[in-house]
Amino acid sequence: MSEWVDVVDESELVNGEHVVVDVEGTEVAVFKIDGEYYAIEDVCTHDGAEIASGILDGDEIVCPRHGARFCVKTGAVMSPPAYEDISCIPVRIENKKIQIKHSS
């Protein structure tokens, strides 16, 4: 079963910023890029470390540990040493709240 979960007010994120939230034990990074919102699981598929503290380069996040790059919009891996995509999570705005779809 899936449900939409409020994570943060829409006004709290400006372009190029992100927030990391815990949704029932899963760390999720929510980004605002060019006025749109995207969410990925906050884990590098290369070694399991968090990724949200990495540098955002356009629509790509660079892992702070080993430099793997992922597309924030799709979760797709863009460069090694990672070879598996990050889980991308649906996002919507409802009553000025950013919500992510959580599977329980």
# chains A, B, ... in the order shown; residues from 1 in each chain; ligands from 1

call {"tool": "residues_around", "arguments": {"residues": "Val72 (chain A)", "least_positions_apart": "4", "cutoff": "7 Å", "atoms": "only C-alpha atoms", "output": "PyMOL selection string"}}
result
chain A and resi 38+40+59-61

call {"tool": "write_last_selection", "arguments": {"atoms": "C-alpha atoms", "output": "PDB file, in the first residue's frame"}}
result
ATOM      1  CA  TYR A  38      12.600  15.548  -7.097  1.00  0.00           C
ATOM      2  CA  ILE A  40      15.773  10.056  -4.312  1.00  0.00           C
ATOM      3  CA  ASP A  59      20.667  18.016 -12.078  1.00  0.00           C
ATOM      4  CA  GLU A  60      23.372  15.603 -10.900  1.00  0.00           C
ATOM      5  CA  ILE A  61      24.514  14.834  -7.359  1.00  0.00           C
TER       6      ILE A  61
END

call {"tool": "residues_around", "arguments": {"residues": "Ile86 (chain A)", "least_positions_apart": "5", "cutoff": "12 Å", "atoms": "only C-alpha atoms", "output": "PyMOL selection string"}}
result
chain A and resi 28-29+39-52+60-61+63+68-78

call {"tool": "write_last_selection", "arguments": {"atoms": "C-alpha atoms", "output": "JSON list (two decimals), in the first residue's frame"}}
result
[["chain", "number", "residue", "atom", "x", "y", "z"],
["A", 28, "VAL", "CA", 15.03, 10.54, 1.40],
["A", 29, "ALA", "CA", 16.68, 13.58, -0.21],
["A", 39, "ALA", "CA", 13.25, 12.88, -4.48],
["A", 40, "ILE", "CA", 15.77, 10.06, -4.31],
["A", 41, "GLU", "CA", 16.76, 7.64, -1.61],
["A", 42, "ASP", "CA", 19.71, 9.15, 0.27],
["A", 43, "VAL", "CA", 22.12, 6.31, -0.42],
["A", 44, "CYS", "CA", 24.94, 5.83, -2.91],
["A", 45, "THR", "CA", 24.55, 2.46, -4.60],
["A", 46, "HIS", "CA", 28.33, 2.11, -4.78],
["A", 47, "ASP", "CA", 28.97, 1.70, -1.06],
["A", 48, "GLY", "CA", 25.75, 2.47, 0.82],
["A", 49, "ALA", "CA", 26.88, 5.85, 2.17],
["A", 50, "GLU", "CA", 24.61, 8.89, 2.23],
["A", 51, "ILE", "CA", 24.78, 11.03, -0.90],
["A", 52, "ALA", "CA", 22.83, 14.22, -0.19],
["A", 60, "GLU", "CA", 23.37, 15.60, -10.90],
["A", 61, "ILE", "CA", 24.51, 14.83, -7.36],
["A", 63, "CYS", "CA", 28.82, 11.34, -4.11],
["A", 68, "ALA", "CA", 29.94, 8.64, -8.44],
["A", 69, "ARG", "CA", 27.33, 10.82, -10.14],
["A", 70, "PHE", "CA", 23.56, 10.33, -10.23],
["A", 71, "CYS", "CA", 20.75, 12.20, -11.98],
["A", 72, "VAL", "CA", 18.50, 13.66, -9.28],
["A", 73, "LYS", "CA", 15.54, 13.75, -11.70],
["A", 74, "THR", "CA", 15.62, 10.02, -12.52],
["A", 75, "GLY", "CA", 17.98, 8.37, -10.03],
["A", 76, "ALA", "CA", 20.07, 7.11, -12.98],
["A", 77, "VAL", "CA", 23.77, 6.50, -12.39],
["A", 78, "MET", "CA", 25.81, 8.83, -14.59]]

call {"tool": "residues_around", "arguments": {"residues": "Ser11 (chain A)", "least_positions_apart": "5", "cutoff": "10 Å", "atoms": "only C-alpha atoms", "output": "list in words"}}
result
Lys96, Lys97 and Ile98 of chain A

call {"tool": "write_last_selection", "arguments": {"atoms": "C-alpha atoms", "output": "JSON list (two decimals), in the first residue's frame"}}
result
[["chain", "number", "residue", "atom", "x", "y", "z"],
["A", 96, "LYS", "CA", 1.71, 24.04, -0.50],
["A", 97, "LYS", "CA", 3.31, 20.94, 1.07],
["A", 98, "ILE", "CA", 5.90, 18.85, -0.70]]

call {"tool": "closest_residue", "arguments": {"among": "A:Leu13, A:Val62, A:Val7, A:Val20", "to": "Pro80 (chain A)", "atoms": "only C-alpha atoms"}}
result
A:Val62

call {"tool": "atom_distance", "arguments": {"atom1": "CA of Glu17 (chain A)", "atom2": "CA of Pro90 (chain A)"}}
result
17.8 Å

call {"tool": "closest_residue", "arguments": {"among": "A:Asp57, A:Glu94, A:Asp34, A:Asp85", "to": "Asp6 (chain A)", "atoms": "only C-alpha atoms"}}
result
A:Glu94

call {"tool": "closest_residue", "arguments": {"among": "A:His66, A:Ser53, A:Val23, A:Asn15", "to": "Gly35 (chain A)", "atoms": "only C-alpha atoms"}}
result
A:Asn15

call {"tool": "atom_distance", "arguments": {"atom1": "CA of Arg65 (chain A)", "atom2": "CA of Lys101 (chain A)"}}
result
28.1 Å

call {"tool": "residues_around", "arguments": {"residues": "Val19 (chain A)", "least_positions_apart": "2", "cutoff": "7 Å", "atoms": "only C-alpha atoms", "output": "list of chain:residue names"}}
result
A:Val21, A:Ala29, A:Val30, A:Phe31

call {"tool": "closest_residue", "arguments": {"among": "A:Tyr37, A:Lys32, A:Gly67, A:Glu24", "to": "Gln99 (chain A)", "atoms": "only C-alpha atoms"}}
result
A:Tyr37

call {"tool": "atom_distance", "arguments": {"atom1": "CA of Val8 (chain A)", "atom2": "CA of Ile93 (chain A)"}}
result
10.0 Å
